[in-house]
Structure formats: structure tokens, C-alpha cells
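K.L.:
Mind looking over this structure? Questions follow.
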Amino acid sequence: MSLDFNDETFRGDFTYRNSAKAIKRFPFPFPEDSYMYSVNMEPHVPGAVGSVFEHMFDVDEHYVSEMRDRAQVLADDPLRCQSLPHMELAGWDLLELIMVSKARDYPHWFELHRDGNQWHWINRPLQIDQKFTFMDASTLPYGPMEYITRQTQGDFTLQDQRDDDLWIEAGMVTTQADWSLDFDIGMSFKQWHAPVPLAHQMQIFDRALKFLLKLQHGAPVRRFNWTMTVDPLLDTSPENYPKWGPDKTTMTAETVGRRQHLRVELQTLHRLPRSNAIAFPIRCYLISFQDLVTVPKWARRLHRVVRDIPDELATYKGFIRNKPLMLDYLAPFDDGAATSPGFGVE
Amino acid sequence: MTKTEFEPAIPSRPSYGVLSPGIGSAHLFVADGEGADAVCDLLSAADGLKAASHIIYVPGANGCDKSTALQALGVAQFHRSPSFAAALPRLTKVLADAHMGLQIYTAGTEGLMAQVAAAAQAAGLPYEAVQMEHRGSLARRVQCVHCKGVTENVTLDPFQCSHCGLSLFVRDHFSRRLAAFQGVCIDAEDPGQIPASVERFK
């Protein structure tokens with residue numbers, strides 16, 4: 001593995017680590033000292049150099065190991081990647097979006113050469129050199145969505161748009177916050193969000209759906225979501241809950257700083273040009289509490305967010321049982337000082 | 001038994017209405033258990049439909065068998081099937097052979113109605129093309145999210161998955177594609193600590 005990428009695991013011995021550079025660019029998701037649902041959508045435009053927003057699809061030091069973890073999840077359970085038959089065109093749209101973006105943004109790692117429909121894709125970090133015919137799935141080892149998302153960090157879903165609704169009808173989901181693609185595939189927007197507490201009554205999903213139905217090609221948007229995960233486990237799937245659930249109960253005051261991770265999802269939404277579907281990448285970033293508290297503002301703010309969150313949300317996000325441990329760890333880092341608004345460090 | 005009153009449900013769970021005569025050249029009814037009453041109510045009030053009606057009936061898992069009443073309606077075709085699985089090849093054939101204007105009605109348990117709607121969708125019909133009326137048992141059809149096996153007629157919560165044996169709690173989250181509610185391991189975080197089952201779905 002080259003110097004650009006960590007050789008690390010997201011299971012077993014959990015050797016996942018963030019470098020000092022990765023901590024500095026971590027997408028801390030709280031713009032204020034408390035949290036409640038909001039649609040919180042903003043244009044997905046290029047951000048500061050070095051930030052996770054610099055490029056359309058962020059490729060970071062975890063890339064190669066994360067793709068290795070995905071391959072293992074898929075070998076164990078192929079149902080994590082599914083595409084209903086009418087979604088193949090959207091898969092090609094997604095493949096094109098990712099290949100064009102990565103070749104433009106990271107030319108030292110990725111190259112795309114196009115001669116009509118004869119394409120040549122080079123992915124140096126994963127040592128892939130693939131010639132294929134665009135729109136001819138028989139020329140790739142997997143369907144187009146699976147092919148490209150085996151090479152791209154983050155989960156992906158593809159939503160078909162019809163009857164003034166969005167239908168989740170394809171996806172690659174191996175780093176999810178406890179939801180099942182196999183169960184949800186085929187559902188409408190409000191159906192697949194049905195288990196989320198409080199937000200329906202707040203009309204969050206009415207407003208989000210109205211907004212997304214009008215999403216324009218070439219004008220992607222983004223938002224954050226977050227949850228908590230014990231150990232840097234990417235595959236917190238409901239399918240494997242009996243395997244990872246017990247680990248949530250063995251955290252102690254001595255290990256909480258190292259084992260408890262804030263899990264941030266950078267969600268972006270892209271209208272696709274041929275299929276008119278919406279691509280929804282859900283990129284997961286993990287940071288241990290001990291790394292997070294090295295930024296004083298983040299430590300103060302996270303303490304206040306966890307302390308004040310309604311129990312219903314802490315339960316839904318799966319950390320109510322460890323909330324006291326988390327607060328005991330975070331409280332000493334909160335001196336009560338005011339924090340500045342916004343995401344940035346002070 | 002009359003139409004079931006449901007508590008407010010999360011948005012993935014279908015809502016059900018009352019069967020009413022549609023305008024069409026043929027009428028297909030699929031019912032289980034007490035769903036037979038909804039079919040009888042409709043056809044008694046719409047006598048003219050009987051000559052173009054086909055009823056597929058599955059007695060309820062709770063023992064409710066109203067075959068005699070349905071047979072007495074005198075419809076063009078009546079078929080009693082021991083289970084929905086056994087009825088599915090016939091249903092699939094009828095849907096494949098259907099002409100424009102076929103009206104589809106289903107009544108009874110949620111699991112049966114959802115499987116009928118899924119079969120209709122597989123045959124190319126929209127979900128809304130199937131009229132649904134809930135009657136009788138609230139027993140649920142539940143997919144184990146872990147082993148993917150479906151357990152029929154679940155009345156207890158938690159219950160033991162009939163395939164992998166895990167103790168599952170039953171969520172209200174419902175997949176129309178799978179025609180099933182979702183079951184999730186209840187003691188994943190504390191293996192062996194399984195609360196006593198209660199009869200939640202009668």
C-alpha cells in the first residue's frame with residue numbers, strides 16, 4: 001500500500017486510525033451547541049483546499065482499506081448491493097459522474113480516457129486498469145453501480161423519481177447506520193424514513209422531498225447526519241447486529257476515549273442526467289473521542305450536544321446506554337466557555 | 001367482524017379501506033380467514049358481478065374457514081387453497097392471463113394482502129390497482145433481518161424466528177416488496193436477556 005493510504009482494519013483488531021491531518025480536516029457536524037433535526041441542505045460546491053469539501057468525492061487516507069472492508073462485507077452478504085432491473089441506466093450515470101470527477105480531481109490516482117463509448121479507466125490506488133464499453137454491462141465484471149461503488153468510499157443509493165415521489169431502487173450499502181437496504185429497497189421516500197422518530201411530525205420529510213424533487217442536474221447539494229459507534233466499525237448493519245451489539249456493552253471509563261467514535265455522514269445528492277434519478281452518496285467519517293477532544297471547541301460542543309439531546313433521539317441513534325460514560329468522559333473538557341457559531345475550530 | 005380500526009401507524013405501513021365494486025370485465029378476489037366476510041359483503045350488494053368473479057380463498061391460520069359461505073355466493077370460479085404459497089401459482093397464472101379491466105380485491109390479514117399486491121406488481125400492475133380491506137387477525141408476517149427467513153402468523157412480541165431461532169422484536173416498519181414487517185434481534189446487546197413475550201397481534 002502506498003504512503004498515501006493507511007493499511008488498517010475496521011473489524012477484528014480495529015487498527016483504524018486518523019492521522020493528525022485527518023483529524024484537522026474531520027467534518028465536525030454541529031454548527032451550534034445543541035442538535036435537533038433540520039433539512040440543513042446547502043449547495044455541494046468546492047470548499048477549502050484540503051477540506052473534505054474540496055472535491056466532489058473526497059478520497060482520503062482510509063480509501064484502500066475501506067474498499068477492502070467493503071469487498072469483505074459483500075463476500076459475506078451479497079444482498080448489501082442490489083439494483084432493481086430498471087435502475088441500470090442510473091448506475092451508468094453514477095459511474096460516469098464518479099469516474100469523471102475523480103479523474104479531474106485526483107489525476108495522479110485516477111485516469112479516464114474516452115473514445116466514443118470505448119472507455120479506459122485507471123485506478124492506481126486499487127491497481128485497476130479497465131477497458132470497457134460505456135452502457136454495455138457485459139464489458140464490466142459487475143453492474144455499473146456495483147463496479148464503481150466498489151471503488152468509491154461511502155454508501156450509495158439511487159432513487160428513481162416518479163409520481164411526485166422518490167423510490168429507493170438501487171444501492172451499495174456496507175457502511176450504514178443500522179438500516180437494511182434489502183428491506184427498504186423499493187420504498188418511497190416517506191416509507192423508507194418511516195422509523196425515524198419526531199421528524200415526520202416536524203414535516204422534515206415533506207420539506208426535504210419537495211426540495212429534492214426539484215434538484216437540478218449540475219447543482220448537487222449536501223448535508224450532514226451523525227450517530228455514535230463503538231469501535232471504528234463501518235458495517236453497523238442490522239443484519240449483523242447480533243455480532244456487533246455485544247461490543248457496545250463492554251466499553252469502560254478507561255476505554256471510552258479510544259473506543260467511542262463520533263460517526264459523521266456527509267450526504268450529497270446529485271441529479272443524474274440520463275435516468276433523471278438521484279444519486280445519494282452517504283460518506284462515513286469516524287473519529288475517536290480521544291482524537292476529537294484535541295480540538296477544544298469540538299470537545300465543549302459535543303459535550304453539550306450529547307448532554308442535551310432528547311432521549312428519543314439518543315435511543316434512535318443507539319447510544320442511550322453509553323450516554324453516561326460518554327458524558328463522564330467529555331465533561332472535563334467543557335469549561336463552560338462560549339463557543340463560536342459554525343463548524344470551524346475557534 | 002367489521003373493518004379493523006388501526007392505531008396511527010408509521011408511514012411505511014399500508015393503510016386499508018373498504019372493498020367497493022369496481023367497473024371491469026372480470027373481478028378477482030383473494031381473501032383469507034375473516035376476509036371472506038368482506039367478499040361476501042361486496043358481492044351480496046353487487047349481484048351482477050358474480051358471473052365474472054373468481055375467488056381464491058385461504059382459511060385463516062386461526063382456524064377461521066368461511067369456504068361454505070363463499071361457495072354459496074355462486075361465483076363463476078371458486079378455489080379454496082390450503083395456504084397462500086399453494087395459491088400463488090394459480091394467482092400468478094390468472095394475473096398473467098388477465099385482460100384490461102381486471103379488478104383485483106383482497107381482504108383479510110396484512111400479510112396476505114401484501115403478498116397479493118406484490119404478485120400484482122410482479123405482473124406489471126400498479127400497487128394502487130389492488131383494493132384492500134383488513135378483516136380478522138392482526139397476526140403479522142415478519143422477515144428476520146438477520147437470516148432473511150419469513151415467519152408467518154406472528155402474534156407474539158418478541159417471538160422466535162422459525163428459521164434461525166433468534167428472538168426477534170417486531171418493528172412497525174413494513175416492506176411492500178417483501179410483504180413483511182421487520183424482526184430484529186432483541187437480545188443482541190445482552191445475549192440471553194429476553195423479555196417475556198406478549199400477545200401483541202391478535
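Ligands are numbered from 1 in the order shown, residues from 1 within each chain, and chains are lettered A, B, ... in the order they appear in the C-alpha cells.
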What residues in chain B have any atom no more than 8 Å from chain A when counting only C-alpha atoms, and can you write them as a list in words?
P.N.:
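Therefore, the residues near the partner are Ile10, Pro11, Ser12, Arg13, Val145, His146, Cys147, Asp172, His173, Ser175, Arg176, Arg177, Leu178, Gln182, Val184, Cys185, Asp187, Ala188, Glu189, Asp190 and Pro191 of chain B.
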K.L.:
List the neighbours of Trp119 (chain A) out to 7 Å using only C-alpha atoms; skip same-chain residues closer than 3 positions along the sequence, and give me the result as a PyMOL selection string.
P.N.:
chain A and resi 113-115+131-134
K.L.:
Mind dumping the selected residues with N, CA, C and O atoms as a JSON list (two decimals), in the first residue's frame?
P.N.:
[["chain", "number", "residue", "atom", "x", "y", "z"],
["A", 113, "HIS", "N", -10.02, 7.78, -19.97],
["A", 113, "HIS", "CA", -9.84, 8.11, -21.39],
["A", 113, "HIS", "C", -11.07, 7.64, -22.14],
["A", 113, "HIS", "O", -11.46, 6.47, -22.02],
["A", 114, "ARG", "N", -11.69, 8.54, -22.88],
["A", 114, "ARG", "CA", -12.94, 8.20, -23.56],
["A", 114, "ARG", "C", -12.81, 8.42, -25.07],
["A", 114, "ARG", "O", -12.42, 9.49, -25.51],
["A", 115, "ASP", "N", -13.14, 7.38, -25.84],
["A", 115, "ASP", "CA", -13.19, 7.48, -27.29],
["A", 115, "ASP", "C", -14.56, 6.97, -27.67],
["A", 115, "ASP", "O", -14.78, 5.76, -27.80],
["A", 131, "LYS", "N", -10.60, -1.54, -19.49],
["A", 131, "LYS", "CA", -11.18, -1.03, -20.74],
["A", 131, "LYS", "C", -12.57, -1.61, -20.86],
["A", 131, "LYS", "O", -12.77, -2.82, -20.63],
["A", 132, "PHE", "N", -13.54, -0.78, -21.20],
["A", 132, "PHE", "CA", -14.91, -1.29, -21.29],
["A", 132, "PHE", "C", -15.73, -0.41, -22.24],
["A", 132, "PHE", "O", -15.28, 0.65, -22.67],
["A", 133, "THR", "N", -16.91, -0.90, -22.56],
["A", 133, "THR", "CA", -17.81, -0.15, -23.43],
["A", 133, "THR", "C", -18.88, 0.49, -22.57],
["A", 133, "THR", "O", -19.64, -0.22, -21.89],
["A", 134, "PHE", "N", -18.90, 1.81, -22.56],
["A", 134, "PHE", "CA", -19.90, 2.52, -21.76],
["A", 134, "PHE", "C", -21.31, 2.10, -22.21],
["A", 134, "PHE", "O", -21.59, 2.01, -23.40]]
K.L.:
Please list as a PDB file with all heavy atoms, in the first residue's frame every residue within 9 Å of Lys317 (chain A), counting only C-alpha atoms and excluding residues in the same chain fewer than 6 positions away.
P.N.:
ATOM      1  N   ALA A 177     -25.655   3.188   9.021  1.00  0.00           N
ATOM      2  CA  ALA A 177     -26.029   3.381  10.411  1.00  0.00           C
ATOM      3  C   ALA A 177     -27.320   2.605  10.670  1.00  0.00           C
ATOM      4  O   ALA A 177     -28.397   3.169  10.817  1.00  0.00           O
ATOM      5  CB  ALA A 177     -26.201   4.862  10.709  1.00  0.00           C
ATOM      6  N   ASP A 178     -27.190   1.281  10.695  1.00  0.00           N
ATOM      7  CA  ASP A 178     -28.277   0.432  11.157  1.00  0.00           C
ATOM      8  C   ASP A 178     -29.564   0.507  10.348  1.00  0.00           C
ATOM      9  O   ASP A 178     -30.649   0.654  10.906  1.00  0.00           O
ATOM     10  CB  ASP A 178     -28.566   0.737  12.642  1.00  0.00           C
ATOM     11  CG  ASP A 178     -29.174  -0.469  13.349  1.00  0.00           C
ATOM     12  OD1 ASP A 178     -29.286  -1.528  12.711  1.00  0.00           O
ATOM     13  OD2 ASP A 178     -29.550  -0.334  14.523  1.00  0.00           O
ATOM     14  N   TRP A 226     -25.390  12.319  11.596  1.00  0.00           N
ATOM     15  CA  TRP A 226     -24.379  11.780  12.516  1.00  0.00           C
ATOM     16  C   TRP A 226     -25.002  10.742  13.421  1.00  0.00           C
ATOM     17  O   TRP A 226     -26.212  10.696  13.617  1.00  0.00           O
ATOM     18  CB  TRP A 226     -23.784  12.908  13.373  1.00  0.00           C
ATOM     19  CG  TRP A 226     -24.803  13.500  14.307  1.00  0.00           C
ATOM     20  CD1 TRP A 226     -25.742  14.430  14.006  1.00  0.00           C
ATOM     21  CD2 TRP A 226     -25.022  13.153  15.680  1.00  0.00           C
ATOM     22  NE1 TRP A 226     -26.525  14.695  15.091  1.00  0.00           N
ATOM     23  CE2 TRP A 226     -26.104  13.923  16.139  1.00  0.00           C
ATOM     24  CE3 TRP A 226     -24.405  12.267  16.571  1.00  0.00           C
ATOM     25  CZ2 TRP A 226     -26.592  13.839  17.460  1.00  0.00           C
ATOM     26  CZ3 TRP A 226     -24.876  12.186  17.871  1.00  0.00           C
ATOM     27  CH2 TRP A 226     -25.962  12.984  18.299  1.00  0.00           C
ATOM     28  N   THR A 227     -24.155   9.899  13.975  1.00  0.00           N
ATOM     29  CA  THR A 227     -24.564   8.991  15.030  1.00  0.00           C
ATOM     30  C   THR A 227     -23.314   8.616  15.823  1.00  0.00           C
ATOM     31  O   THR A 227     -22.273   9.264  15.672  1.00  0.00           O
ATOM     32  CB  THR A 227     -25.313   7.772  14.479  1.00  0.00           C
ATOM     33  OG1 THR A 227     -25.813   6.996  15.564  1.00  0.00           O
ATOM     34  CG2 THR A 227     -24.438   6.895  13.605  1.00  0.00           C
ATOM     35  N   MET A 228     -23.426   7.639  16.685  1.00  0.00           N
ATOM     36  CA  MET A 228     -22.297   7.212  17.515  1.00  0.00           C
ATOM     37  C   MET A 228     -22.036   5.729  17.259  1.00  0.00           C
ATOM     38  O   MET A 228     -22.974   4.955  17.115  1.00  0.00           O
ATOM     39  CB  MET A 228     -22.629   7.405  19.003  1.00  0.00           C
ATOM     40  CG  MET A 228     -22.810   8.858  19.414  1.00  0.00           C
ATOM     41  SD  MET A 228     -21.210   9.679  19.512  1.00  0.00           S
ATOM     42  CE  MET A 228     -21.760  11.323  20.039  1.00  0.00           C
TER      43      MET A 228
END
K.L.:
Report, in Å with one decimal, the straight-line distance from CA of Leu158 (chain A) to CA of Gly143 (chain A).
P.N.:
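Going from CA of Leu158 (chain A) over to CA of Gly143 (chain A), I get 13.6 Å.
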K.L.:
Quick one: residues within 8 Å of region 91-106 of chain B, only C-alpha atoms, excluding same-chain residues fewer than 4 positions away - as a PyMOL selection string?
P.N.:
chain B and resi 19+22-31+35+56+87+113+116+119-120+123+129-133
K.L.:
Store the residues picked out above in a file with C-alpha atoms, as a short mmCIF file (atom, residue, chain, number, x, y, z; two decimals), in the first residue's frame.
P.N.:
data_model
loop_
_atom_site.label_atom_id
_atom_site.label_comp_id
_atom_site.auth_asym_id
_atom_site.auth_seq_id
_atom_site.Cartn_x
_atom_site.Cartn_y
_atom_site.Cartn_z
CA LEU B 19 -63.82 -3.03 -0.80
CA GLY B 22 -65.03 -1.70 -9.49
CA ILE B 23 -66.05 -1.32 -13.11
CA GLY B 24 -64.45 -4.01 -15.20
CA SER B 25 -64.83 -7.12 -17.28
CA ALA B 26 -63.55 -9.51 -14.63
CA HIS B 27 -63.22 -9.49 -10.83
CA LEU B 28 -60.54 -11.36 -8.90
CA PHE B 29 -60.88 -11.78 -5.14
CA VAL B 30 -58.14 -13.17 -2.89
CA ALA B 31 -59.02 -13.50 0.78
CA GLY B 35 -61.56 -11.62 4.78
CA ILE B 56 -59.28 -17.61 -4.26
CA ALA B 87 -52.42 -20.50 -4.20
CA MET B 113 -52.99 -8.63 1.21
CA VAL B 116 -51.39 -10.31 -3.35
CA ALA B 119 -47.90 -10.62 -7.03
CA ALA B 120 -49.93 -8.00 -8.91
CA ALA B 123 -47.39 -8.99 -13.12
CA ALA B 129 -54.67 -1.38 -8.63
CA VAL B 130 -55.36 -3.70 -5.71
CA GLN B 131 -58.21 -2.80 -3.34
CA MET B 132 -57.53 -3.91 0.23
CA GLU B 133 -59.74 -4.36 3.28
#
K.L.:
In Å to one decimal, how far is CA of Val75 (chain B) from CA of Ser20 (chain B)?
P.N.:
16.8 Å
K.L.:
Which residue out of A:Asn6, A:Gln260, A:Gln216, A:Thr175 has the minimum interatomic distance to Asp235 (chain A) when only C-alpha atoms are used?
P.N.:
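Closest to Asp235 (chain A), using only C-alpha atoms: A:Thr175.
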K.L.:
For a quick check of understanding, using only C-alpha atoms, which of B:Ala38, B:Phe84, B:Phe78, B:His134 has the smallest distance to Val58 (chain B)?
P.N.:
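With only C-alpha atoms as the atom set, the closest residue is B:Phe84.
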K.L.:
Looking at A:Pro281, A:Pro78, A:Pro29, A:Gly116, which one is nearest to Asp58 (chain A), with distances taken over only C-alpha atoms?
P.N.:
A:Pro281
K.L.:
Among region 199-279 of chain A, which residues does DSSP mark as strand (DSSP E or B) when it is run on the backbone? Keep the chain and numbering as in the structure and answer as a list in words.
P.N.:
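The strand (DSSP E or B) subset of region 199-279 of chain A is Val221, Arg222, Arg223, Phe224, Asn225, Trp226, Thr227, Met228, Thr229, Val230, Thr236, Gln260, His261, Leu262, Arg263, Val264, Glu265, Leu266, Gln267, Thr268, Leu269, His270, Arg271, Ile278 and Ala279 of chain A.
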K.L.:
Please save N, CA, C and O atoms of the selected residues as a tab-separated table (two decimals), in the first residue's frame.
P.N.:
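Done, and the output landed in again-v4.tsv:
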chain	number	residue	atom	x	y	z
A	221	VAL	N	-26.32	19.03	-3.89
A	221	VAL	CA	-26.45	19.63	-2.56
A	221	VAL	C	-25.87	18.65	-1.54
A	221	VAL	O	-25.61	17.49	-1.85
A	222	ARG	N	-25.67	19.15	-0.31
A	222	ARG	CA	-25.11	18.30	0.73
A	222	ARG	C	-25.70	18.64	2.09
A	222	ARG	O	-26.23	19.74	2.31
A	223	ARG	N	-25.59	17.70	3.00
A	223	ARG	CA	-25.98	17.91	4.38
A	223	ARG	C	-25.20	16.92	5.25
A	223	ARG	O	-24.61	15.98	4.74
A	224	PHE	N	-25.23	17.15	6.55
A	224	PHE	CA	-24.62	16.21	7.48
A	224	PHE	C	-25.68	15.42	8.21
A	224	PHE	O	-26.79	15.90	8.45
A	225	ASN	N	-25.31	14.20	8.57
A	225	ASN	CA	-26.06	13.46	9.57
A	225	ASN	C	-25.00	12.84	10.48
A	225	ASN	O	-23.81	12.86	10.15
A	226	TRP	N	-25.39	12.32	11.60
A	226	TRP	CA	-24.38	11.78	12.52
A	226	TRP	C	-25.00	10.74	13.42
A	226	TRP	O	-26.21	10.70	13.62
A	227	THR	N	-24.15	9.90	13.97
A	227	THR	CA	-24.56	8.99	15.03
A	227	THR	C	-23.31	8.62	15.82
A	227	THR	O	-22.27	9.26	15.67
A	228	MET	N	-23.43	7.64	16.68
A	228	MET	CA	-22.30	7.21	17.52
A	228	MET	C	-22.04	5.73	17.26
A	228	MET	O	-22.97	4.95	17.12
A	229	THR	N	-20.76	5.36	17.24
A	229	THR	CA	-20.40	3.96	17.02
A	229	THR	C	-19.28	3.57	17.98
A	229	THR	O	-18.32	4.32	18.14
A	230	VAL	N	-19.45	2.42	18.62
A	230	VAL	CA	-18.40	1.89	19.48
A	230	VAL	C	-17.43	1.10	18.60
A	230	VAL	O	-17.85	0.20	17.87
A	236	THR	N	-22.05	-1.33	10.59
A	236	THR	CA	-23.03	-1.43	11.68
A	236	THR	C	-24.41	-1.69	11.07
A	236	THR	O	-25.32	-0.88	11.15
A	260	GLN	N	-15.02	4.89	21.74
A	260	GLN	CA	-16.23	5.58	21.30
A	260	GLN	C	-15.89	6.51	20.14
A	260	GLN	O	-14.98	7.33	20.24
A	261	HIS	N	-16.64	6.38	19.06
A	261	HIS	CA	-16.41	7.21	17.87
A	261	HIS	C	-17.66	8.02	17.52
A	261	HIS	O	-18.78	7.52	17.59
A	262	LEU	N	-17.42	9.27	17.16
A	262	LEU	CA	-18.47	10.06	16.51
A	262	LEU	C	-18.47	9.64	15.04
A	262	LEU	O	-17.41	9.60	14.40
A	263	ARG	N	-19.65	9.31	14.55
A	263	ARG	CA	-19.78	8.84	13.17
A	263	ARG	C	-20.53	9.92	12.39
A	263	ARG	O	-21.69	10.22	12.68
A	264	VAL	N	-19.86	10.51	11.44
A	264	VAL	CA	-20.46	11.61	10.67
A	264	VAL	C	-20.73	11.14	9.25
A	264	VAL	O	-19.87	10.51	8.62
A	265	GLU	N	-21.92	11.43	8.79
A	265	GLU	CA	-22.25	11.13	7.39
A	265	GLU	C	-22.28	12.44	6.61
A	265	GLU	O	-23.05	13.34	6.94
A	266	LEU	N	-21.43	12.52	5.60
A	266	LEU	CA	-21.54	13.62	4.65
A	266	LEU	C	-22.41	13.09	3.51
A	266	LEU	O	-22.00	12.21	2.76
A	267	GLN	N	-23.62	13.60	3.46
A	267	GLN	CA	-24.58	13.14	2.45
A	267	GLN	C	-24.63	14.14	1.32
A	267	GLN	O	-24.79	15.34	1.57
A	268	THR	N	-24.47	13.66	0.10
A	268	THR	CA	-24.62	14.57	-1.03
A	268	THR	C	-25.70	14.01	-1.94
A	268	THR	O	-25.99	12.81	-1.92
A	269	LEU	N	-26.31	14.88	-2.71
A	269	LEU	CA	-27.40	14.47	-3.61
A	269	LEU	C	-27.15	15.05	-4.98
A	269	LEU	O	-26.88	16.24	-5.12
A	270	HIS	N	-27.22	14.17	-5.98
A	270	HIS	CA	-26.87	14.57	-7.35
A	270	HIS	C	-27.98	14.12	-8.30
A	270	HIS	O	-28.30	12.93	-8.34
A	271	ARG	N	-28.52	15.03	-9.08
A	271	ARG	CA	-29.45	14.63	-10.15
A	271	ARG	C	-28.64	14.02	-11.28
A	271	ARG	O	-27.60	14.57	-11.68
A	278	ILE	N	-31.85	10.25	-8.72
A	278	ILE	CA	-31.00	11.00	-7.80
A	278	ILE	C	-30.01	10.03	-7.16
A	278	ILE	O	-30.42	8.99	-6.63
A	279	ALA	N	-28.73	10.37	-7.25
A	279	ALA	CA	-27.72	9.59	-6.55
A	279	ALA	C	-27.52	10.18	-5.17
A	279	ALA	O	-27.45	11.40	-5.01
K.L.:
Counting only C-alpha atoms, which of A:Pro324, A:Thr15, A:Arg301, A:Gln161 gets nearest to Phe30 (chain A)?
P.N.:
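Of A:Pro324, A:Thr15, A:Arg301, A:Gln161, the one nearest Phe30 (chain A), counting only C-alpha atoms, is A:Arg301.
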K.L.:
If you run DSSP on this backbone, which residues of region 94-145 of chain B come out as alpha helix (DSSP H), and could you give them as JSON, numbers by chain?
P.N.:
{"B": [94, 95, 96, 97, 110, 111, 112, 113, 114, 115, 116, 117, 118, 119, 120, 121, 122]}
K.L.:
Within 9 Å of Leu84 (chain A), counting only C-alpha atoms, which residues qualify if same-chain residues fewer than 2 places away don't, as a ChimeraX atom specification?
P.N.:
/A:82,86-88,169-170,185-186
K.L.:
What gap, in Å, lies between CA of Ala117 (chain B) and CA of Ser15 (chain B)?
P.N.:
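It comes out at 12.9 Å.
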